[in-house]
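Listing of my_file-v4.pdb; format and content: PDB, C-alpha atoms, pLDDT in the B column.
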```
ATOM      1  CA  MET F   1      -5.944  14.146   1.930  1.00 37.00           C
ATOM      2  CA  GLY F   2      -7.233  12.882   5.271  1.00 38.00           C
ATOM      3  CA  PRO F   3      -8.518  11.637   7.530  1.00 41.00           C
ATOM      4  CA  TYR F   4      -5.430   9.534   8.120  1.00 41.00           C
ATOM      5  CA  PRO F   5      -5.560   6.104   9.729  1.00 46.00           C
ATOM      6  CA  LYS F   6      -4.232   5.996  13.295  1.00 50.00           C
ATOM      7  CA  GLY F   7      -1.901   8.961  12.742  1.00 51.00           C
ATOM      8  CA  GLU F   8       0.257   6.936  10.387  1.00 66.00           C
ATOM      9  CA  PHE F   9       1.898   8.165   7.250  1.00 80.00           C
ATOM     10  CA  VAL F  10       3.847   7.011   4.235  1.00 88.00           C
ATOM     11  CA  LEU F  11       7.313   8.397   3.680  1.00 91.00           C
ATOM     12  CA  ILE F  12       8.299   8.357   0.007  1.00 94.00           C
ATOM     13  CA  VAL F  13      12.042   8.267  -0.675  1.00 94.00           C
ATOM     14  CA  GLU F  14      12.157   9.359  -4.310  1.00 94.00           C
ATOM     15  CA  ASP F  15      14.581  11.672  -6.091  1.00 93.00           C
ATOM     16  CA  ASP F  16      12.620  11.860  -9.359  1.00 93.00           C
ATOM     17  CA  ASP F  17       9.994  14.622  -9.302  1.00 95.00           C
ATOM     18  CA  ASP F  18       7.898  12.990 -12.056  1.00 94.00           C
ATOM     19  CA  ASP F  19       7.780   9.643 -10.253  1.00 94.00           C
ATOM     20  CA  TYR F  20       6.814  11.372  -7.008  1.00 95.00           C
ATOM     21  CA  PHE F  21       4.072  13.332  -8.783  1.00 96.00           C
ATOM     22  CA  LEU F  22       2.570  10.071 -10.123  1.00 95.00           C
ATOM     23  CA  ILE F  23       2.787   8.403  -6.705  1.00 94.00           C
ATOM     24  CA  GLN F  24       1.125  11.426  -5.123  1.00 93.00           C
ATOM     25  CA  LYS F  25      -1.691  11.390  -7.713  1.00 94.00           C
ATOM     26  CA  ALA F  26      -2.158   7.639  -7.295  1.00 94.00           C
ATOM     27  CA  PHE F  27      -2.528   7.997  -3.525  1.00 91.00           C
ATOM     28  CA  GLN F  28      -5.325  10.498  -4.116  1.00 90.00           C
ATOM     29  CA  GLN F  29      -7.264   7.760  -5.957  1.00 91.00           C
ATOM     30  CA  ILE F  30      -7.282   5.131  -3.227  1.00 88.00           C
ATOM     31  CA  PRO F  31      -9.970   4.812  -0.546  1.00 79.00           C
ATOM     32  CA  LEU F  32      -7.620   4.283   2.408  1.00 66.00           C
ATOM     33  CA  ARG F  33      -5.790   7.560   2.243  1.00 64.00           C
ATOM     34  CA  ALA F  34      -2.495   8.098   3.940  1.00 68.00           C
ATOM     35  CA  GLU F  35      -0.610  11.253   4.649  1.00 80.00           C
ATOM     36  CA  LEU F  36       2.396  11.460   2.353  1.00 87.00           C
ATOM     37  CA  ARG F  37       5.763  12.911   3.184  1.00 89.00           C
ATOM     38  CA  ARG F  38       8.795  12.947   0.928  1.00 93.00           C
ATOM     39  CA  VAL F  39      12.560  12.941   1.149  1.00 93.00           C
ATOM     40  CA  LYS F  40      14.782  12.831  -1.925  1.00 93.00           C
ATOM     41  CA  ASN F  41      17.667  10.537  -0.951  1.00 92.00           C
ATOM     42  CA  GLY F  42      19.073   8.207   1.666  1.00 89.00           C
ATOM     43  CA  GLU F  43      20.791  10.946   3.640  1.00 91.00           C
ATOM     44  CA  GLU F  44      17.511  12.838   4.025  1.00 91.00           C
ATOM     45  CA  LEU F  45      15.754   9.607   5.030  1.00 90.00           C
ATOM     46  CA  GLU F  46      18.228   8.925   7.809  1.00 87.00           C
ATOM     47  CA  VAL F  47      17.966  12.506   9.121  1.00 87.00           C
ATOM     48  CA  PHE F  48      14.169  12.207   9.095  1.00 87.00           C
ATOM     49  CA  LEU F  49      14.154   8.840  10.886  1.00 85.00           C
ATOM     50  CA  TYR F  50      16.622   9.972  13.547  1.00 80.00           C
ATOM     51  CA  SER F  51      14.270  12.892  14.197  1.00 79.00           C
ATOM     52  CA  CYS F  52      11.576  10.303  15.027  1.00 71.00           C
ATOM     53  CA  CYS F  53      13.529   9.117  18.063  1.00 62.00           C
ATOM     54  CA  PRO F  54      11.876   9.819  21.426  1.00 55.00           C
ATOM     55  CA  GLU F  55      14.272  12.533  22.560  1.00 51.00           C
ATOM     56  CA  SER F  56      13.227  14.711  19.621  1.00 49.00           C
ATOM     57  CA  GLY F  57       9.603  14.638  20.854  1.00 48.00           C
ATOM     58  CA  GLY F  58       6.824  15.993  18.700  1.00 46.00           C
ATOM     59  CA  GLU F  59       4.438  14.343  16.296  1.00 48.00           C
ATOM     60  CA  LYS F  60       6.951  12.197  14.440  1.00 47.00           C
ATOM     61  CA  ALA F  61       7.903  10.304  17.610  1.00 46.00           C
ATOM     62  CA  ARG F  62       4.399   8.807  17.914  1.00 50.00           C
ATOM     63  CA  LYS F  63       4.518   6.444  14.958  1.00 62.00           C
ATOM     64  CA  LEU F  64       7.130   5.324  12.529  1.00 67.00           C
ATOM     65  CA  PRO F  65       6.233   5.714   8.888  1.00 73.00           C
ATOM     66  CA  LEU F  66       5.843   3.087   6.256  1.00 86.00           C
ATOM     67  CA  VAL F  67       8.771   3.863   3.964  1.00 92.00           C
ATOM     68  CA  LEU F  68       8.668   3.395   0.183  1.00 95.00           C
ATOM     69  CA  LEU F  69      12.335   3.384  -0.780  1.00 95.00           C
ATOM     70  CA  ASP F  70      13.703   3.877  -4.276  1.00 93.00           C
ATOM     71  CA  LEU F  71      17.029   2.132  -4.872  1.00 91.00           C
ATOM     72  CA  ASN F  72      18.794   4.360  -7.370  1.00 87.00           C
ATOM     73  CA  MET F  73      19.272   7.828  -5.918  1.00 83.00           C
ATOM     74  CA  PRO F  74      22.057  10.394  -5.697  1.00 81.00           C
ATOM     75  CA  ARG F  75      24.190  11.058  -2.606  1.00 82.00           C
ATOM     76  CA  LYS F  76      23.289   7.814  -0.807  1.00 83.00           C
ATOM     77  CA  ASP F  77      21.420   5.107  -2.649  1.00 85.00           C
ATOM     78  CA  GLY F  78      18.655   2.919  -1.296  1.00 88.00           C
ATOM     79  CA  ARG F  79      20.840  -0.149  -0.802  1.00 91.00           C
ATOM     80  CA  GLN F  80      23.334   1.594   1.438  1.00 90.00           C
ATOM     81  CA  THR F  81      20.581   3.379   3.339  1.00 92.00           C
ATOM     82  CA  LEU F  82      18.562   0.183   3.823  1.00 93.00           C
ATOM     83  CA  GLY F  83      21.575  -1.630   5.267  1.00 93.00           C
ATOM     84  CA  GLU F  84      22.329   1.188   7.699  1.00 91.00           C
ATOM     85  CA  ILE F  85      18.746   1.552   8.904  1.00 91.00           C
ATOM     86  CA  LYS F  86      18.201  -2.176   9.359  1.00 93.00           C
ATOM     87  CA  SER F  87      21.411  -2.499  11.378  1.00 91.00           C
ATOM     88  CA  HIS F  88      20.364   0.292  13.765  1.00 87.00           C
ATOM     89  CA  PRO F  89      19.007  -0.988  17.126  1.00 84.00           C
ATOM     90  CA  VAL F  90      15.852   1.179  17.030  1.00 80.00           C
ATOM     91  CA  LEU F  91      15.339   2.189  13.403  1.00 84.00           C
ATOM     92  CA  ARG F  92      15.414  -1.415  12.193  1.00 87.00           C
ATOM     93  CA  LYS F  93      11.736  -1.532  13.245  1.00 85.00           C
ATOM     94  CA  VAL F  94      10.835   0.845  10.419  1.00 86.00           C
ATOM     95  CA  PRO F  95       8.849  -1.057   7.770  1.00 91.00           C
ATOM     96  CA  ILE F  96      10.654  -0.474   4.487  1.00 94.00           C
ATOM     97  CA  VAL F  97       9.205  -1.461   1.133  1.00 96.00           C
ATOM     98  CA  VAL F  98      11.658  -1.155  -1.723  1.00 96.00           C
ATOM     99  CA  PHE F  99       9.712   0.552  -4.504  1.00 96.00           C
ATOM    100  CA  THR F 100      11.827   0.721  -7.624  1.00 93.00           C
ATOM    101  CA  SER F 101      11.815   0.413 -11.381  1.00 91.00           C
ATOM    102  CA  SER F 102      14.651  -2.129 -11.178  1.00 90.00           C
ATOM    103  CA  ARG F 103      13.901  -5.514 -12.710  1.00 90.00           C
ATOM    104  CA  ASP F 104      17.279  -6.923 -11.637  1.00 92.00           C
ATOM    105  CA  GLU F 105      17.056 -10.172  -9.654  1.00 95.00           C
ATOM    106  CA  GLU F 106      20.243  -9.218  -7.806  1.00 95.00           C
ATOM    107  CA  ASP F 107      18.511  -6.080  -6.505  1.00 94.00           C
ATOM    108  CA  VAL F 108      15.657  -8.219  -5.176  1.00 96.00           C
ATOM    109  CA  ASN F 109      18.023 -10.578  -3.364  1.00 96.00           C
ATOM    110  CA  THR F 110      20.204  -7.758  -2.017  1.00 95.00           C
ATOM    111  CA  ALA F 111      17.191  -5.827  -0.717  1.00 96.00           C
ATOM    112  CA  TYR F 112      15.934  -8.821   1.279  1.00 97.00           C
ATOM    113  CA  GLU F 113      19.436  -9.636   2.539  1.00 96.00           C
ATOM    114  CA  LEU F 114      19.673  -6.055   3.834  1.00 95.00           C
ATOM    115  CA  GLY F 115      16.349  -6.387   5.667  1.00 96.00           C
ATOM    116  CA  ALA F 116      13.692  -4.994   3.314  1.00 96.00           C
ATOM    117  CA  ASN F 117      10.162  -5.874   4.388  1.00 95.00           C
ATOM    118  CA  SER F 118       9.040  -6.149   0.765  1.00 95.00           C
ATOM    119  CA  PHE F 119      10.239  -5.480  -2.779  1.00 97.00           C
ATOM    120  CA  LEU F 120       7.838  -3.994  -5.321  1.00 96.00           C
ATOM    121  CA  GLN F 121       8.515  -2.948  -8.881  1.00 96.00           C
ATOM    122  CA  LYS F 122       6.993   0.304 -10.067  1.00 95.00           C
ATOM    123  CA  PRO F 123       4.263  -0.575 -12.553  1.00 96.00           C
ATOM    124  CA  ASP F 124       4.224   0.652 -16.134  1.00 93.00           C
ATOM    125  CA  SER F 125       0.737   2.184 -16.059  1.00 96.00           C
ATOM    126  CA  PHE F 126      -0.981   4.675 -13.787  1.00 97.00           C
ATOM    127  CA  LYS F 127      -3.933   2.315 -13.273  1.00 97.00           C
ATOM    128  CA  ALA F 128      -1.587  -0.444 -12.108  1.00 97.00           C
ATOM    129  CA  LEU F 129       0.180   2.040  -9.810  1.00 97.00           C
ATOM    130  CA  VAL F 130      -3.118   2.980  -8.157  1.00 95.00           C
ATOM    131  CA  GLU F 131      -4.020  -0.703  -7.701  1.00 95.00           C
ATOM    132  CA  LEU F 132      -0.603  -1.532  -6.247  1.00 95.00           C
ATOM    133  CA  LEU F 133      -0.594   1.388  -3.796  1.00 94.00           C
ATOM    134  CA  ASP F 134      -4.177   0.583  -2.786  1.00 92.00           C
ATOM    135  CA  MET F 135      -3.193  -3.005  -1.986  1.00 92.00           C
ATOM    136  CA  LEU F 136      -0.039  -1.846  -0.225  1.00 92.00           C
ATOM    137  CA  THR F 137      -1.764   0.659   2.065  1.00 87.00           C
ATOM    138  CA  ARG F 138      -4.659  -1.674   2.811  1.00 87.00           C
ATOM    139  CA  TYR F 139      -2.180  -4.217   4.118  1.00 90.00           C
ATOM    140  CA  TRP F 140       0.395  -2.010   5.862  1.00 86.00           C
ATOM    141  CA  MET F 141      -2.007   0.593   7.218  1.00 81.00           C
ATOM    142  CA  GLY F 142      -5.216  -1.367   7.500  1.00 80.00           C
ATOM    143  CA  THR F 143      -4.184  -4.872   8.544  1.00 86.00           C
ATOM    144  CA  ALA F 144      -0.615  -4.838   9.867  1.00 83.00           C
ATOM    145  CA  ARG F 145       0.309  -3.037  13.077  1.00 77.00           C
ATOM    146  CA  LEU F 146       3.152  -0.602  12.604  1.00 70.00           C
ATOM    147  CA  PRO F 147       5.683  -0.149  15.407  1.00 71.00           C
ATOM    148  CA  SER F 148       6.253   2.884  17.556  1.00 67.00           C
ATOM    149  CA  LEU F 149       9.483   3.968  19.152  1.00 61.00           C
ATOM    150  CA  SER F 150       9.839   3.009  22.783  1.00 59.00           C
ATOM    151  CA  GLU F 151      13.563   2.352  23.086  1.00 51.00           C
ATOM    152  CA  PRO F 152      15.909   4.272  25.361  1.00 46.00           C
ATOM    153  CA  ARG F 153      17.008   7.663  24.095  1.00 47.00           C
ATOM    154  CA  ALA F 154      20.670   6.733  23.776  1.00 44.00           C
ATOM    155  CA  ALA F 155      19.882   4.056  21.175  1.00 50.00           C
ATOM    156  CA  CYS F 156      18.527   6.605  18.713  1.00 56.00           C
ATOM    157  CA  HIS F 157      21.710   8.534  18.092  1.00 52.00           C
ATOM    158  CA  GLY F 158      23.303   7.703  14.753  1.00 52.00           C
TER     159      GLY F 158
END
```

Would you put the structure from the file into structure tokens?
Amino acid sequence: MGPYPKGEFVLIVEDDDDDYFLIQKAFQQIPLRAELRRVKNGEELEVFLYSCCPESGGEKARKLPLVLLDLNMPRKDGRQTLGEIKSHPVLRKVPIVVFTSSRDEEDVNTAYELGANSFLQKPDSFKALVELLDMLTRYWMGTARLPSLSEPRAACHG
């Protein structure tokens, strides 16, 4: 893919290989391309985000990713992970879009109560997936300004 806008990237939190493959293919179809990275569960997401803290240095410390978070995953699900990230003094800045196949109204309410920035249901067709991800990246990576980490080092430790 590339070039990537402003060094930003999308972090996909998805345990299902088939779903990730479709998301990856859909991103290749949209004009505003974003670098994709993937973790497979909430534990991996937290490890990745803690590595973005300033004391770790490197590329990841420059910009926080836009996170697309599945809810139903092994080890640590999206709900628990969302609550922990949004209660963290630094990581709560991470823009998190819940991206799930759930149609449950309780999941919608819970996600927003835990601090989700948006809740999107995975569409049923590939064409609709491309359109949704195009709209999503145009807003989050073309219009909105994403935060960077500038907090003291001590605040990043989990």

Which residues are close to Ser87 (chain F), i.e. within 12 Å by only C-alpha atoms, leaving aside same-chain residues fewer than 2 positions away? Reply as a PDB file with C-alpha atoms, in the frame of the given file.
```
ATOM      1  CA  GLN F  80      23.334   1.594   1.438  1.00 90.00           C
ATOM      2  CA  THR F  81      20.581   3.379   3.339  1.00 92.00           C
ATOM      3  CA  LEU F  82      18.562   0.183   3.823  1.00 93.00           C
ATOM      4  CA  GLY F  83      21.575  -1.630   5.267  1.00 93.00           C
ATOM      5  CA  GLU F  84      22.329   1.188   7.699  1.00 91.00           C
ATOM      6  CA  ILE F  85      18.746   1.552   8.904  1.00 91.00           C
ATOM      7  CA  PRO F  89      19.007  -0.988  17.126  1.00 84.00           C
ATOM      8  CA  VAL F  90      15.852   1.179  17.030  1.00 80.00           C
ATOM      9  CA  LEU F  91      15.339   2.189  13.403  1.00 84.00           C
ATOM     10  CA  ARG F  92      15.414  -1.415  12.193  1.00 87.00           C
ATOM     11  CA  LYS F  93      11.736  -1.532  13.245  1.00 85.00           C
ATOM     12  CA  VAL F  94      10.835   0.845  10.419  1.00 86.00           C
ATOM     13  CA  GLU F 113      19.436  -9.636   2.539  1.00 96.00           C
ATOM     14  CA  LEU F 114      19.673  -6.055   3.834  1.00 95.00           C
ATOM     15  CA  GLY F 115      16.349  -6.387   5.667  1.00 96.00           C
ATOM     16  CA  ALA F 116      13.692  -4.994   3.314  1.00 96.00           C
ATOM     17  CA  ALA F 155      19.882   4.056  21.175  1.00 50.00           C
ATOM     18  CA  GLY F 158      23.303   7.703  14.753  1.00 52.00           C
TER      19      GLY F 158
END
```

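If only C-alpha atoms are the atoms counted, then among F:Glu35, F:Glu131, F:Asp16, F:Glu43 the closest residue to Asp70 (chain F) is F:Asp16.
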
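Proximity ranking of F:Phe99, F:Tyr50, F:Phe119, F:Phe27 relative to Phe9 (chain F) places F:Phe27 first, based on only C-alpha atoms.
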
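Counting all atoms listed in the file and comparing F:Lys127, F:Pro95, F:Glu106, F:Ser101, the residue that lies closest to Pro147 (chain F) is F:Pro95.
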
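Residues matching the PyMOL selection byres ((chain F and resi 78) around 9) in this structure come to Val13, Asn41, Gly42, Leu69, Asp70, Leu71, Asn72, Met73, Lys76, Asp77, Arg79, Gln80, Thr81, Leu82, Gly83, Val98 and Ala111 of chain F.
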
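Compared by their closest atoms to Arg145 (chain F), and using all atoms listed in the file, the residues F:Leu66, F:Leu120, F:Leu49, F:Leu129 rank with F:Leu66 nearest.
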
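Minimum atom-to-atom distance to Gln121 (chain F), evaluated using all atoms listed in the file, belongs to F:Asp104 out of F:Leu22, F:Asp104, F:His88, F:Arg75.
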
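Taking CA of Pro74 (chain F) and CA of Glu46 (chain F) as endpoints, the distance between them is 14.1 Å.
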
TODO: Apply the PyMOL selection byres ((chain F and resi 136-138) around 10) to the file shown and report the selected residues as number ranges by chain.
DONE: F: 9-10, 27, 30-34, 66, 97, 120, 130-135, 139-144

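In this model, the gap between CA of Asp17 (chain F) and CA of Val47 (chain F) comes to 20.2 Å.
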
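If you look at CA of Arg38 (chain F) and CA of Asp124 (chain F), they are 21.5 Å away from each other.
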
Would you mind completing region 108-119 of chain F to all heavy atoms and writing the output as a PDB file, in the frame of the given file?
```pdb
ATOM      1  N   VAL F 108      16.656  -7.573  -6.028  1.00 96.00           N
ATOM      2  CA  VAL F 108      15.657  -8.219  -5.176  1.00 96.00           C
ATOM      3  C   VAL F 108      16.356  -8.956  -4.033  1.00 96.00           C
ATOM      4  O   VAL F 108      16.035  -8.755  -2.854  1.00 96.00           O
ATOM      5  CB  VAL F 108      14.768  -9.203  -5.981  1.00 96.00           C
ATOM      6  CG1 VAL F 108      13.817  -9.950  -5.056  1.00 96.00           C
ATOM      7  CG2 VAL F 108      14.020  -8.480  -7.088  1.00 96.00           C
ATOM      8  N   ASN F 109      17.319  -9.795  -4.378  1.00 96.00           N
ATOM      9  CA  ASN F 109      18.023 -10.578  -3.364  1.00 96.00           C
ATOM     10  C   ASN F 109      18.762  -9.685  -2.374  1.00 96.00           C
ATOM     11  O   ASN F 109      18.708  -9.910  -1.168  1.00 96.00           O
ATOM     12  CB  ASN F 109      19.003 -11.556  -4.028  1.00 96.00           C
ATOM     13  CG  ASN F 109      18.272 -12.636  -4.785  1.00 96.00           C
ATOM     14  OD1 ASN F 109      17.170 -13.044  -4.429  1.00 96.00           O
ATOM     15  ND2 ASN F 109      18.880 -13.117  -5.857  1.00 96.00           N
ATOM     16  N   THR F 110      19.456  -8.671  -2.878  1.00 95.00           N
ATOM     17  CA  THR F 110      20.204  -7.758  -2.017  1.00 95.00           C
ATOM     18  C   THR F 110      19.275  -7.025  -1.056  1.00 95.00           C
ATOM     19  O   THR F 110      19.573  -6.893   0.134  1.00 95.00           O
ATOM     20  CB  THR F 110      21.004  -6.743  -2.860  1.00 95.00           C
ATOM     21  OG1 THR F 110      21.940  -7.452  -3.664  1.00 95.00           O
ATOM     22  CG2 THR F 110      21.737  -5.745  -1.986  1.00 95.00           C
ATOM     23  N   ALA F 111      18.142  -6.556  -1.565  1.00 96.00           N
ATOM     24  CA  ALA F 111      17.191  -5.827  -0.717  1.00 96.00           C
ATOM     25  C   ALA F 111      16.731  -6.689   0.459  1.00 96.00           C
ATOM     26  O   ALA F 111      16.710  -6.226   1.611  1.00 96.00           O
ATOM     27  CB  ALA F 111      15.995  -5.349  -1.538  1.00 96.00           C
ATOM     28  N   TYR F 112      16.383  -7.948   0.187  1.00 97.00           N
ATOM     29  CA  TYR F 112      15.934  -8.821   1.279  1.00 97.00           C
ATOM     30  C   TYR F 112      17.083  -9.170   2.219  1.00 97.00           C
ATOM     31  O   TYR F 112      16.891  -9.256   3.437  1.00 97.00           O
ATOM     32  CB  TYR F 112      15.257 -10.073   0.736  1.00 97.00           C
ATOM     33  CG  TYR F 112      13.840  -9.807   0.277  1.00 97.00           C
ATOM     34  CD1 TYR F 112      13.501  -9.865  -1.063  1.00 97.00           C
ATOM     35  CD2 TYR F 112      12.838  -9.479   1.193  1.00 97.00           C
ATOM     36  CE1 TYR F 112      12.206  -9.604  -1.485  1.00 97.00           C
ATOM     37  CE2 TYR F 112      11.544  -9.223   0.782  1.00 97.00           C
ATOM     38  CZ  TYR F 112      11.233  -9.294  -0.553  1.00 97.00           C
ATOM     39  OH  TYR F 112       9.944  -9.034  -0.964  1.00 97.00           O
ATOM     40  N   GLU F 113      18.273  -9.366   1.681  1.00 96.00           N
ATOM     41  CA  GLU F 113      19.436  -9.636   2.539  1.00 96.00           C
ATOM     42  C   GLU F 113      19.720  -8.469   3.480  1.00 96.00           C
ATOM     43  O   GLU F 113      20.168  -8.655   4.608  1.00 96.00           O
ATOM     44  CB  GLU F 113      20.670  -9.933   1.691  1.00 96.00           C
ATOM     45  CG  GLU F 113      20.621 -11.288   1.029  1.00 96.00           C
ATOM     46  CD  GLU F 113      21.699 -11.483  -0.046  1.00 96.00           C
ATOM     47  OE1 GLU F 113      22.575 -10.603  -0.180  1.00 96.00           O
ATOM     48  OE2 GLU F 113      21.648 -12.511  -0.733  1.00 96.00           O
ATOM     49  N   LEU F 114      19.433  -7.250   3.021  1.00 95.00           N
ATOM     50  CA  LEU F 114      19.673  -6.055   3.834  1.00 95.00           C
ATOM     51  C   LEU F 114      18.525  -5.764   4.802  1.00 95.00           C
ATOM     52  O   LEU F 114      18.624  -4.849   5.611  1.00 95.00           O
ATOM     53  CB  LEU F 114      19.906  -4.842   2.928  1.00 95.00           C
ATOM     54  CG  LEU F 114      21.203  -4.872   2.126  1.00 95.00           C
ATOM     55  CD1 LEU F 114      21.227  -3.737   1.105  1.00 95.00           C
ATOM     56  CD2 LEU F 114      22.420  -4.800   3.051  1.00 95.00           C
ATOM     57  N   GLY F 115      17.435  -6.529   4.706  1.00 96.00           N
ATOM     58  CA  GLY F 115      16.349  -6.387   5.667  1.00 96.00           C
ATOM     59  C   GLY F 115      15.084  -5.735   5.163  1.00 96.00           C
ATOM     60  O   GLY F 115      14.214  -5.369   5.965  1.00 96.00           O
ATOM     61  N   ALA F 116      14.932  -5.577   3.846  1.00 96.00           N
ATOM     62  CA  ALA F 116      13.692  -4.994   3.314  1.00 96.00           C
ATOM     63  C   ALA F 116      12.496  -5.836   3.752  1.00 96.00           C
ATOM     64  O   ALA F 116      12.584  -7.061   3.833  1.00 96.00           O
ATOM     65  CB  ALA F 116      13.741  -4.926   1.793  1.00 96.00           C
ATOM     66  N   ASN F 117      11.380  -5.170   4.029  1.00 95.00           N
ATOM     67  CA  ASN F 117      10.162  -5.874   4.388  1.00 95.00           C
ATOM     68  C   ASN F 117       9.394  -6.351   3.165  1.00 95.00           C
ATOM     69  O   ASN F 117       8.563  -7.252   3.274  1.00 95.00           O
ATOM     70  CB  ASN F 117       9.268  -4.977   5.244  1.00 95.00           C
ATOM     71  CG  ASN F 117       9.942  -4.637   6.555  1.00 95.00           C
ATOM     72  OD1 ASN F 117      10.652  -3.646   6.649  1.00 95.00           O
ATOM     73  ND2 ASN F 117       9.766  -5.466   7.559  1.00 95.00           N
ATOM     74  N   SER F 118       9.663  -5.740   2.021  1.00 95.00           N
ATOM     75  CA  SER F 118       9.040  -6.149   0.765  1.00 95.00           C
ATOM     76  C   SER F 118       9.785  -5.482  -0.382  1.00 95.00           C
ATOM     77  O   SER F 118      10.509  -4.504  -0.184  1.00 95.00           O
ATOM     78  CB  SER F 118       7.565  -5.727   0.753  1.00 95.00           C
ATOM     79  OG  SER F 118       6.900  -6.274  -0.367  1.00 95.00           O
ATOM     80  N   PHE F 119       9.619  -6.031  -1.571  1.00 97.00           N
ATOM     81  CA  PHE F 119      10.239  -5.480  -2.779  1.00 97.00           C
ATOM     82  C   PHE F 119       9.155  -5.406  -3.842  1.00 97.00           C
ATOM     83  O   PHE F 119       8.584  -6.426  -4.229  1.00 97.00           O
ATOM     84  CB  PHE F 119      11.380  -6.381  -3.257  1.00 97.00           C
ATOM     85  CG  PHE F 119      12.188  -5.806  -4.392  1.00 97.00           C
ATOM     86  CD1 PHE F 119      13.439  -5.248  -4.151  1.00 97.00           C
ATOM     87  CD2 PHE F 119      11.719  -5.826  -5.700  1.00 97.00           C
ATOM     88  CE1 PHE F 119      14.205  -4.722  -5.187  1.00 97.00           C
ATOM     89  CE2 PHE F 119      12.468  -5.297  -6.741  1.00 97.00           C
ATOM     90  CZ  PHE F 119      13.715  -4.748  -6.479  1.00 97.00           C
TER      91      PHE F 119
END
```
